[in-house]
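Peer 1: Sharing data.cif below, mmCIF, N, CA and C atoms:
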data_structure
#
loop_
_atom_site.label_atom_id
_atom_site.label_comp_id
_atom_site.auth_asym_id
_atom_site.auth_seq_id
_atom_site.Cartn_x
_atom_site.Cartn_y
_atom_site.Cartn_z
N MET A 29 89.19 112.80 83.30
CA MET A 29 88.83 111.42 83.54
C MET A 29 89.95 110.72 84.32
N LYS A 30 91.19 110.96 83.90
CA LYS A 30 92.34 110.36 84.58
C LYS A 30 92.38 110.81 86.03
N HIS A 31 92.10 112.10 86.25
CA HIS A 31 92.12 112.67 87.60
C HIS A 31 91.06 112.00 88.48
N ARG A 32 89.89 111.82 87.94
CA ARG A 32 88.79 111.24 88.70
C ARG A 32 89.11 109.79 89.06
N LEU A 33 89.66 109.04 88.10
CA LEU A 33 90.00 107.66 88.37
C LEU A 33 91.10 107.57 89.43
N LEU A 34 92.05 108.49 89.35
CA LEU A 34 93.11 108.53 90.36
C LEU A 34 92.53 108.83 91.73
N LEU A 35 91.59 109.76 91.79
CA LEU A 35 90.95 110.11 93.05
C LEU A 35 90.21 108.91 93.64
N ILE A 36 89.45 108.22 92.81
CA ILE A 36 88.71 107.05 93.28
C ILE A 36 89.67 105.98 93.78
N ALA A 37 90.70 105.70 92.98
CA ALA A 37 91.69 104.70 93.39
C ALA A 37 92.37 105.10 94.69
N PHE A 38 92.68 106.37 94.80
CA PHE A 38 93.34 106.84 96.01
C PHE A 38 92.44 106.67 97.23
N LEU A 39 91.21 107.11 97.13
CA LEU A 39 90.30 107.01 98.27
C LEU A 39 90.10 105.55 98.70
N MET A 40 89.97 104.67 97.73
CA MET A 40 89.81 103.25 98.05
C MET A 40 91.08 102.72 98.73
N THR A 41 92.23 103.11 98.23
CA THR A 41 93.50 102.66 98.81
C THR A 41 93.65 103.16 100.23
N VAL A 42 93.32 104.42 100.44
CA VAL A 42 93.45 104.99 101.79
C VAL A 42 92.52 104.27 102.76
N VAL A 43 91.30 104.03 102.33
CA VAL A 43 90.36 103.34 103.20
C VAL A 43 90.86 101.93 103.51
N LEU A 44 91.30 101.21 102.50
CA LEU A 44 91.79 99.86 102.72
C LEU A 44 93.06 99.86 103.56
N ALA A 45 93.96 100.79 103.29
CA ALA A 45 95.19 100.88 104.07
C ALA A 45 94.87 101.20 105.53
N GLY A 46 93.91 102.06 105.73
CA GLY A 46 93.51 102.41 107.09
C GLY A 46 92.96 101.21 107.84
N HIS A 47 92.16 100.41 107.17
CA HIS A 47 91.61 99.22 107.80
C HIS A 47 92.71 98.21 108.09
N ALA A 48 93.64 98.06 107.16
CA ALA A 48 94.71 97.09 107.33
C ALA A 48 95.61 97.46 108.50
N GLN A 49 95.77 98.73 108.76
CA GLN A 49 96.65 99.18 109.84
C GLN A 49 95.86 99.50 111.11
N GLN A 50 94.59 99.25 111.12
CA GLN A 50 93.73 99.55 112.25
C GLN A 50 93.71 101.04 112.58
N ARG A 51 94.05 101.85 111.59
CA ARG A 51 93.94 103.30 111.74
C ARG A 51 92.88 103.76 110.75
N PRO A 52 91.76 104.19 111.24
CA PRO A 52 90.70 104.57 110.31
C PRO A 52 91.07 105.82 109.51
N PHE A 53 90.59 105.86 108.30
CA PHE A 53 90.76 107.02 107.44
C PHE A 53 90.00 108.18 108.04
N ASN A 54 90.64 109.33 108.12
CA ASN A 54 90.02 110.51 108.70
C ASN A 54 89.71 111.49 107.56
N PRO A 55 88.47 111.51 107.07
CA PRO A 55 88.13 112.38 105.94
C PRO A 55 88.34 113.86 106.23
N ALA A 56 88.06 114.29 107.46
CA ALA A 56 88.23 115.71 107.79
C ALA A 56 89.70 116.10 107.72
N LYS A 57 90.57 115.25 108.21
CA LYS A 57 92.01 115.51 108.15
C LYS A 57 92.49 115.53 106.71
N PHE A 58 92.02 114.57 105.92
CA PHE A 58 92.38 114.50 104.51
C PHE A 58 91.97 115.79 103.79
N GLU A 59 90.75 116.23 104.00
CA GLU A 59 90.25 117.45 103.35
C GLU A 59 91.03 118.68 103.80
N ALA A 60 91.35 118.76 105.09
CA ALA A 60 92.12 119.90 105.60
C ALA A 60 93.52 119.93 104.99
N GLU A 61 94.15 118.77 104.89
CA GLU A 61 95.48 118.70 104.27
C GLU A 61 95.40 119.05 102.79
N LEU A 62 94.36 118.59 102.12
CA LEU A 62 94.17 118.91 100.70
C LEU A 62 94.02 120.42 100.52
N GLU A 63 93.17 121.04 101.32
CA GLU A 63 92.95 122.48 101.20
C GLU A 63 94.22 123.27 101.48
N GLN A 64 94.96 122.87 102.50
CA GLN A 64 96.20 123.57 102.82
C GLN A 64 97.20 123.45 101.67
N PHE A 65 97.30 122.26 101.12
CA PHE A 65 98.22 122.01 100.01
C PHE A 65 97.82 122.85 98.80
N VAL A 66 96.54 122.84 98.47
CA VAL A 66 96.04 123.61 97.32
C VAL A 66 96.30 125.10 97.52
N ALA A 67 95.98 125.61 98.68
CA ALA A 67 96.17 127.04 98.96
C ALA A 67 97.64 127.43 98.82
N THR A 68 98.52 126.58 99.33
CA THR A 68 99.96 126.86 99.26
C THR A 68 100.47 126.77 97.83
N GLU A 69 100.15 125.68 97.15
CA GLU A 69 100.64 125.46 95.78
C GLU A 69 100.12 126.51 94.81
N ALA A 70 98.88 126.95 95.01
CA ALA A 70 98.27 127.93 94.10
C ALA A 70 98.56 129.36 94.55
N ALA A 71 99.25 129.50 95.68
CA ALA A 71 99.60 130.82 96.22
C ALA A 71 98.36 131.69 96.41
N LEU A 72 97.33 131.10 97.04
CA LEU A 72 96.10 131.84 97.29
C LEU A 72 96.29 132.79 98.46
N THR A 73 95.80 133.99 98.30
CA THR A 73 95.80 134.95 99.41
C THR A 73 94.68 134.56 100.36
N PRO A 74 94.68 135.08 101.58
CA PRO A 74 93.56 134.79 102.49
C PRO A 74 92.21 135.21 101.90
N GLN A 75 92.18 136.34 101.19
CA GLN A 75 90.93 136.78 100.58
C GLN A 75 90.48 135.82 99.48
N GLU A 76 91.43 135.37 98.67
CA GLU A 76 91.08 134.41 97.61
C GLU A 76 90.60 133.10 98.22
N SER A 77 91.29 132.65 99.25
CA SER A 77 90.88 131.41 99.92
C SER A 77 89.47 131.50 100.47
N SER A 78 89.15 132.65 101.04
CA SER A 78 87.81 132.81 101.64
C SER A 78 86.71 132.81 100.58
N ARG A 79 87.04 133.24 99.37
CA ARG A 79 86.05 133.20 98.27
C ARG A 79 86.02 131.82 97.61
N PHE A 80 87.18 131.21 97.49
CA PHE A 80 87.30 129.96 96.74
C PHE A 80 86.83 128.73 97.51
N PHE A 81 87.31 128.54 98.74
CA PHE A 81 87.10 127.26 99.41
C PHE A 81 85.64 126.91 99.71
N PRO A 82 84.74 127.85 99.99
CA PRO A 82 83.33 127.43 100.13
C PRO A 82 82.79 126.78 98.85
N ILE A 83 83.17 127.31 97.70
CA ILE A 83 82.73 126.74 96.43
C ILE A 83 83.39 125.38 96.22
N TYR A 84 84.67 125.30 96.53
CA TYR A 84 85.42 124.06 96.38
C TYR A 84 84.85 122.96 97.27
N ARG A 85 84.53 123.29 98.51
CA ARG A 85 83.95 122.30 99.43
C ARG A 85 82.60 121.80 98.93
N GLU A 86 81.83 122.70 98.37
CA GLU A 86 80.54 122.33 97.78
C GLU A 86 80.75 121.32 96.65
N MET A 87 81.74 121.59 95.79
CA MET A 87 82.04 120.67 94.69
C MET A 87 82.50 119.32 95.23
N ARG A 88 83.41 119.31 96.19
CA ARG A 88 83.94 118.06 96.74
C ARG A 88 82.82 117.22 97.37
N LYS A 89 81.91 117.88 98.06
CA LYS A 89 80.79 117.16 98.68
C LYS A 89 79.95 116.46 97.60
N LYS A 90 79.71 117.15 96.50
CA LYS A 90 78.93 116.56 95.40
C LYS A 90 79.72 115.45 94.71
N GLN A 91 81.02 115.63 94.54
CA GLN A 91 81.85 114.59 93.93
C GLN A 91 81.82 113.31 94.76
N ILE A 92 81.97 113.48 96.06
CA ILE A 92 81.98 112.32 96.95
C ILE A 92 80.63 111.60 96.92
N ALA A 93 79.56 112.36 96.84
CA ALA A 93 78.22 111.75 96.77
C ALA A 93 78.08 110.91 95.50
N ILE A 94 78.57 111.42 94.39
CA ILE A 94 78.49 110.68 93.12
C ILE A 94 79.35 109.42 93.20
N MET A 95 80.56 109.57 93.72
CA MET A 95 81.45 108.40 93.82
C MET A 95 80.89 107.36 94.78
N SER A 96 80.31 107.82 95.88
CA SER A 96 79.73 106.89 96.85
C SER A 96 78.60 106.09 96.23
N ALA A 97 77.82 106.73 95.40
CA ALA A 97 76.72 106.02 94.74
C ALA A 97 77.26 104.91 93.85
N GLY A 98 78.42 105.11 93.28
CA GLY A 98 79.02 104.09 92.42
C GLY A 98 79.64 102.94 93.18
N TRP A 99 79.99 103.15 94.43
CA TRP A 99 80.64 102.10 95.21
C TRP A 99 79.70 100.93 95.49
N LYS A 100 78.40 101.16 95.43
CA LYS A 100 77.46 100.06 95.68
C LYS A 100 77.57 98.98 94.60
N ASN A 101 78.10 99.36 93.44
CA ASN A 101 78.25 98.38 92.35
C ASN A 101 79.43 97.44 92.56
N LYS A 102 80.19 97.65 93.59
CA LYS A 102 81.31 96.75 93.87
C LYS A 102 80.81 95.39 94.34
N HIS A 103 79.59 95.33 94.80
CA HIS A 103 79.08 94.10 95.39
C HIS A 103 77.99 93.46 94.51
N ILE A 104 78.16 93.56 93.21
CA ILE A 104 77.18 92.94 92.32
C ILE A 104 77.59 91.50 92.05
N ASP A 105 76.62 90.74 91.67
CA ASP A 105 76.85 89.34 91.29
C ASP A 105 77.40 89.33 89.87
N ILE A 106 78.70 89.05 89.72
CA ILE A 106 79.30 89.12 88.39
C ILE A 106 78.87 87.98 87.47
N SER A 107 78.12 87.04 87.99
CA SER A 107 77.58 86.00 87.12
C SER A 107 76.23 86.41 86.54
N ASN A 108 75.72 87.57 86.96
CA ASN A 108 74.44 88.09 86.50
C ASN A 108 74.69 89.17 85.44
N ASP A 109 74.51 88.80 84.16
CA ASP A 109 74.79 89.74 83.07
C ASP A 109 73.94 91.01 83.15
N LYS A 110 72.70 90.87 83.54
CA LYS A 110 71.83 92.04 83.63
C LYS A 110 72.35 93.01 84.69
N ALA A 111 72.73 92.50 85.85
CA ALA A 111 73.27 93.35 86.91
C ALA A 111 74.59 93.98 86.48
N CYS A 112 75.42 93.22 85.77
CA CYS A 112 76.70 93.74 85.29
C CYS A 112 76.49 94.85 84.27
N ALA A 113 75.55 94.65 83.36
CA ALA A 113 75.27 95.67 82.35
C ALA A 113 74.76 96.95 83.01
N GLU A 114 73.91 96.80 84.00
CA GLU A 114 73.40 97.98 84.72
C GLU A 114 74.54 98.67 85.47
N ALA A 115 75.43 97.92 86.07
CA ALA A 115 76.57 98.50 86.79
C ALA A 115 77.47 99.28 85.83
N ILE A 116 77.67 98.75 84.64
CA ILE A 116 78.49 99.44 83.63
C ILE A 116 77.82 100.75 83.23
N ARG A 117 76.52 100.69 82.96
CA ARG A 117 75.80 101.92 82.59
C ARG A 117 75.85 102.95 83.71
N GLN A 118 75.68 102.49 84.94
CA GLN A 118 75.72 103.40 86.08
C GLN A 118 77.09 104.02 86.24
N ARG A 119 78.11 103.22 86.05
CA ARG A 119 79.49 103.74 86.15
C ARG A 119 79.74 104.80 85.09
N ASP A 120 79.32 104.52 83.86
CA ASP A 120 79.48 105.49 82.79
C ASP A 120 78.71 106.78 83.09
N ASN A 121 77.50 106.64 83.59
CA ASN A 121 76.71 107.82 83.96
C ASN A 121 77.39 108.62 85.06
N ASN A 122 77.96 107.93 86.04
CA ASN A 122 78.68 108.61 87.12
C ASN A 122 79.90 109.35 86.58
N ASP A 123 80.62 108.72 85.65
CA ASP A 123 81.79 109.36 85.04
C ASP A 123 81.39 110.66 84.34
N VAL A 124 80.32 110.61 83.58
CA VAL A 124 79.84 111.79 82.86
C VAL A 124 79.38 112.85 83.86
N GLU A 125 78.65 112.42 84.87
CA GLU A 125 78.15 113.36 85.87
C GLU A 125 79.31 114.05 86.61
N LEU A 126 80.35 113.29 86.94
CA LEU A 126 81.52 113.88 87.59
C LEU A 126 82.20 114.90 86.69
N LYS A 127 82.34 114.59 85.42
CA LYS A 127 82.99 115.50 84.49
C LYS A 127 82.17 116.77 84.30
N GLU A 128 80.84 116.63 84.20
CA GLU A 128 79.98 117.81 84.07
C GLU A 128 80.03 118.67 85.33
N LEU A 129 80.08 118.02 86.47
CA LEU A 129 80.19 118.74 87.74
C LEU A 129 81.50 119.52 87.79
N GLN A 130 82.56 118.87 87.35
CA GLN A 130 83.87 119.51 87.32
C GLN A 130 83.85 120.75 86.42
N ARG A 131 83.26 120.62 85.25
CA ARG A 131 83.17 121.76 84.33
C ARG A 131 82.38 122.91 84.95
N THR A 132 81.26 122.58 85.56
CA THR A 132 80.42 123.60 86.20
C THR A 132 81.21 124.35 87.28
N TYR A 133 81.90 123.59 88.11
CA TYR A 133 82.64 124.24 89.21
C TYR A 133 83.90 124.95 88.74
N HIS A 134 84.53 124.45 87.71
CA HIS A 134 85.68 125.20 87.16
C HIS A 134 85.21 126.57 86.68
N ASN A 135 84.05 126.62 86.07
CA ASN A 135 83.50 127.92 85.65
C ASN A 135 83.18 128.81 86.85
N LYS A 136 82.69 128.22 87.93
CA LYS A 136 82.44 129.00 89.15
C LYS A 136 83.75 129.51 89.74
N PHE A 137 84.78 128.68 89.70
CA PHE A 137 86.09 129.11 90.20
C PHE A 137 86.59 130.32 89.41
N LEU A 138 86.38 130.27 88.10
CA LEU A 138 86.83 131.36 87.23
C LEU A 138 86.10 132.67 87.51
N GLN A 139 84.95 132.60 88.15
CA GLN A 139 84.22 133.81 88.52
C GLN A 139 84.81 134.49 89.76
N VAL A 140 85.58 133.74 90.57
CA VAL A 140 86.12 134.32 91.80
C VAL A 140 87.64 134.41 91.81
N LEU A 141 88.29 133.75 90.85
CA LEU A 141 89.76 133.75 90.79
C LEU A 141 90.22 133.92 89.35
N PRO A 142 91.43 134.44 89.17
CA PRO A 142 91.99 134.50 87.82
C PRO A 142 92.27 133.08 87.30
N ALA A 143 92.23 132.92 86.00
CA ALA A 143 92.44 131.61 85.38
C ALA A 143 93.77 130.99 85.78
N ARG A 144 94.82 131.81 85.92
CA ARG A 144 96.13 131.27 86.29
C ARG A 144 96.09 130.61 87.67
N LYS A 145 95.27 131.13 88.57
CA LYS A 145 95.13 130.53 89.89
C LYS A 145 94.30 129.24 89.82
N VAL A 146 93.28 129.25 88.98
CA VAL A 146 92.44 128.06 88.84
C VAL A 146 93.25 126.90 88.28
N ILE A 147 94.07 127.15 87.27
CA ILE A 147 94.87 126.06 86.71
C ILE A 147 95.88 125.56 87.74
N ARG A 148 96.41 126.46 88.57
CA ARG A 148 97.33 126.04 89.63
C ARG A 148 96.61 125.19 90.67
N ILE A 149 95.36 125.51 90.93
CA ILE A 149 94.55 124.72 91.86
C ILE A 149 94.32 123.33 91.31
N ILE A 150 93.95 123.24 90.04
CA ILE A 150 93.69 121.94 89.40
C ILE A 150 94.96 121.09 89.45
N ARG A 151 96.09 121.69 89.12
CA ARG A 151 97.37 120.95 89.15
C ARG A 151 97.75 120.55 90.57
N ALA A 152 97.50 121.44 91.52
CA ALA A 152 97.84 121.15 92.92
C ALA A 152 97.00 119.98 93.44
N GLU A 153 95.74 119.96 93.08
CA GLU A 153 94.87 118.87 93.52
C GLU A 153 95.37 117.54 92.95
N ASP A 154 95.73 117.53 91.68
CA ASP A 154 96.28 116.32 91.06
C ASP A 154 97.56 115.89 91.78
N LYS A 155 98.43 116.83 92.03
CA LYS A 155 99.71 116.55 92.69
C LYS A 155 99.49 115.99 94.09
N PHE A 156 98.56 116.59 94.83
CA PHE A 156 98.26 116.12 96.18
C PHE A 156 97.80 114.67 96.16
N HIS A 157 96.89 114.35 95.25
CA HIS A 157 96.37 112.98 95.18
C HIS A 157 97.46 111.99 94.79
N ARG A 158 98.33 112.37 93.86
CA ARG A 158 99.44 111.49 93.49
C ARG A 158 100.35 111.23 94.69
N GLN A 159 100.69 112.29 95.41
CA GLN A 159 101.57 112.15 96.58
C GLN A 159 100.91 111.32 97.68
N ALA A 160 99.64 111.57 97.92
CA ALA A 160 98.92 110.83 98.95
C ALA A 160 98.81 109.36 98.58
N PHE A 161 98.59 109.09 97.32
CA PHE A 161 98.52 107.70 96.85
C PHE A 161 99.85 107.01 97.07
N LYS A 162 100.95 107.69 96.75
CA LYS A 162 102.28 107.11 96.96
C LYS A 162 102.52 106.83 98.44
N ARG A 163 102.13 107.77 99.30
CA ARG A 163 102.29 107.55 100.75
C ARG A 163 101.48 106.36 101.21
N ALA A 164 100.27 106.24 100.73
CA ALA A 164 99.39 105.15 101.14
C ALA A 164 99.94 103.80 100.68
N THR A 165 100.48 103.76 99.48
CA THR A 165 101.01 102.48 98.98
C THR A 165 102.31 102.11 99.68
N ARG A 166 103.10 103.08 100.10
CA ARG A 166 104.33 102.79 100.84
C ARG A 166 104.01 102.18 102.22
N ARG A 167 102.93 102.64 102.83
CA ARG A 167 102.55 102.11 104.15
C ARG A 167 102.10 100.67 104.06
N ASP A 168 101.61 100.26 102.88
CA ASP A 168 101.11 98.89 102.72
C ASP A 168 102.24 97.87 102.63
N ARG A 169 103.43 98.32 102.40
CA ARG A 169 104.55 97.38 102.21
C ARG A 169 105.06 96.85 103.51
#
Mind turning this structure into structure tokens?
Peer 2:
Amino acid sequence: MKHRLLLIAFLMTVVLAGHAQQRPFNPAKFEAELEQFVATEAALTPQESSRFFPIYREMRKKQIAIMSAGWKNKHIDISNDKACAEAIRQRDNNDVELKELQRTYHNKFLQVLPARKVIRIIRAEDKFHRQAFKRATRRDR
């Protein structure tokens, strides 16, 4: 849950920072840097990378779709209790859906990589997002 919230906060910060600096956020570059970082930190061999990253990209695409669906709730009328209650329920549903998706894909990762590599991947992804968030916030100063 903490990881997902950090990811959402990071993506929003990067997008806002990009707009503030007139440099648009480049999702393809971000994903390429993330994959390179994960592969390096987890010490993936080329063969492991070729088995792992198609599954990982599939998961990321689904995660982004779920998060994007939740972003529409940013523009609700906060004076409308019914709309606020629905936004809360939708957010909770998205959180659960993201966690279930993560569990499903972690199990898929375990089918193609040893558990020690999967845990290194999970940690590397967290580390990448923390570092990227720090870089983004430093640029805002």
Peer 1: Hey, can you check how far atom CA of A:Arg131 sits from atom CA of A:Arg151?
Peer 2: 15.0 Å
Peer 1: Report as JSON lines: every residue of stretch 88-162 of chain A with an atom at most 9 Å from stretch 58-81 of chain A, its closest pair of atoms, and their distance in Å to one decimal, counting only C-alpha atoms, with rows sorted by chain and ascending residue number.
Peer 2:
{"residue": "A:Phe137", "atom": "CA", "partner": "A:Phe80", "partner_atom": "CA", "distance": 6.7}
{"residue": "A:Val140", "atom": "CA", "partner": "A:Arg79", "partner_atom": "CA", "distance": 6.6}
{"residue": "A:Leu141", "atom": "CA", "partner": "A:Glu76", "partner_atom": "CA", "distance": 7.0}
{"residue": "A:Arg144", "atom": "CA", "partner": "A:Ala70", "partner_atom": "CA", "distance": 8.8}
{"residue": "A:Lys145", "atom": "CA", "partner": "A:Ala70", "partner_atom": "CA", "distance": 5.9}
{"residue": "A:Val146", "atom": "CA", "partner": "A:Ala70", "partner_atom": "CA", "distance": 7.9}
{"residue": "A:Ile147", "atom": "CA", "partner": "A:Ala70", "partner_atom": "CA", "distance": 8.3}
{"residue": "A:Arg148", "atom": "CA", "partner": "A:Ala70", "partner_atom": "CA", "distance": 4.9}
{"residue": "A:Ile149", "atom": "CA", "partner": "A:Ala70", "partner_atom": "CA", "distance": 5.4}
{"residue": "A:Ile150", "atom": "CA", "partner": "A:Val66", "partner_atom": "CA", "distance": 8.4}
{"residue": "A:Arg151", "atom": "CA", "partner": "A:Ala70", "partner_atom": "CA", "distance": 8.6}
{"residue": "A:Ala152", "atom": "CA", "partner": "A:Val66", "partner_atom": "CA", "distance": 5.4}
{"residue": "A:Glu153", "atom": "CA", "partner": "A:Val66", "partner_atom": "CA", "distance": 6.2}
{"residue": "A:Phe156", "atom": "CA", "partner": "A:Leu62", "partner_atom": "CA", "distance": 6.7}
{"residue": "A:His157", "atom": "CA", "partner": "A:Leu62", "partner_atom": "CA", "distance": 8.4}
Peer 1: Work out how far apart atom N of A:Ile104 and atom C of A:Asn121 are and give it in Å to one decimal.
Peer 2: 17.1 Å
Peer 1: Counting only C-alpha atoms, figure out which residue out of A:Gln139, A:Asn54, A:Gln91, A:Ser107 gets nearest to A:Glu125.
Peer 2: A:Gln91
Peer 1: Rank A:Arg119, A:His134, A:Arg88, A:Lys162 by their smallest atom-to-atom distance to A:Asn101, using all atoms listed in the file, and report the top residue only.
Peer 2: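 Closest to A:Asn101, using all atoms listed in the file: A:Arg119.
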Peer 1: Padding 8 Å on every side, please: axis-aligned box over the listed atoms of stretch 136-148 of chain A, centre and edge lengths to one decimal in Å, as JSON.
Peer 2:
{"center_x": 89.9, "center_y": 129.8, "center_z": 88.6, "size_x": 30.9, "size_y": 25.3, "size_z": 22.4}
Peer 1: What does the distance between atom C of A:Lys100 and atom CA of A:Gln118 come to in Å, to one decimal place?
Peer 2: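 Computed distance, atom C of A:Lys100 to atom CA of A:Gln118, equals 9.8 Å.
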Peer 1: Mind checking which residues fall within 9 Å of A:Asn122, counting only C-alpha atoms, ignoring those fewer than 6 positions away in the same chain, and posting them as a list of chain:residue names?
Peer 2: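 So the residues in contact are A:Ile94, A:Met95, A:Ala97, A:Gly98.
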Peer 1: Enumerate, as a list in words, the protein, DNA and RNA residues whose atoms approach (84.4, 116.2, 89.4) to within 7 Å, taking into account only C-alpha atoms and the coordinate frame of the file.
Peer 2: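 Applying the cut-off with only C-alpha atoms, one gets Arg32, Gln91, Leu126, Lys127, Leu129 and Gln130 of chain A.
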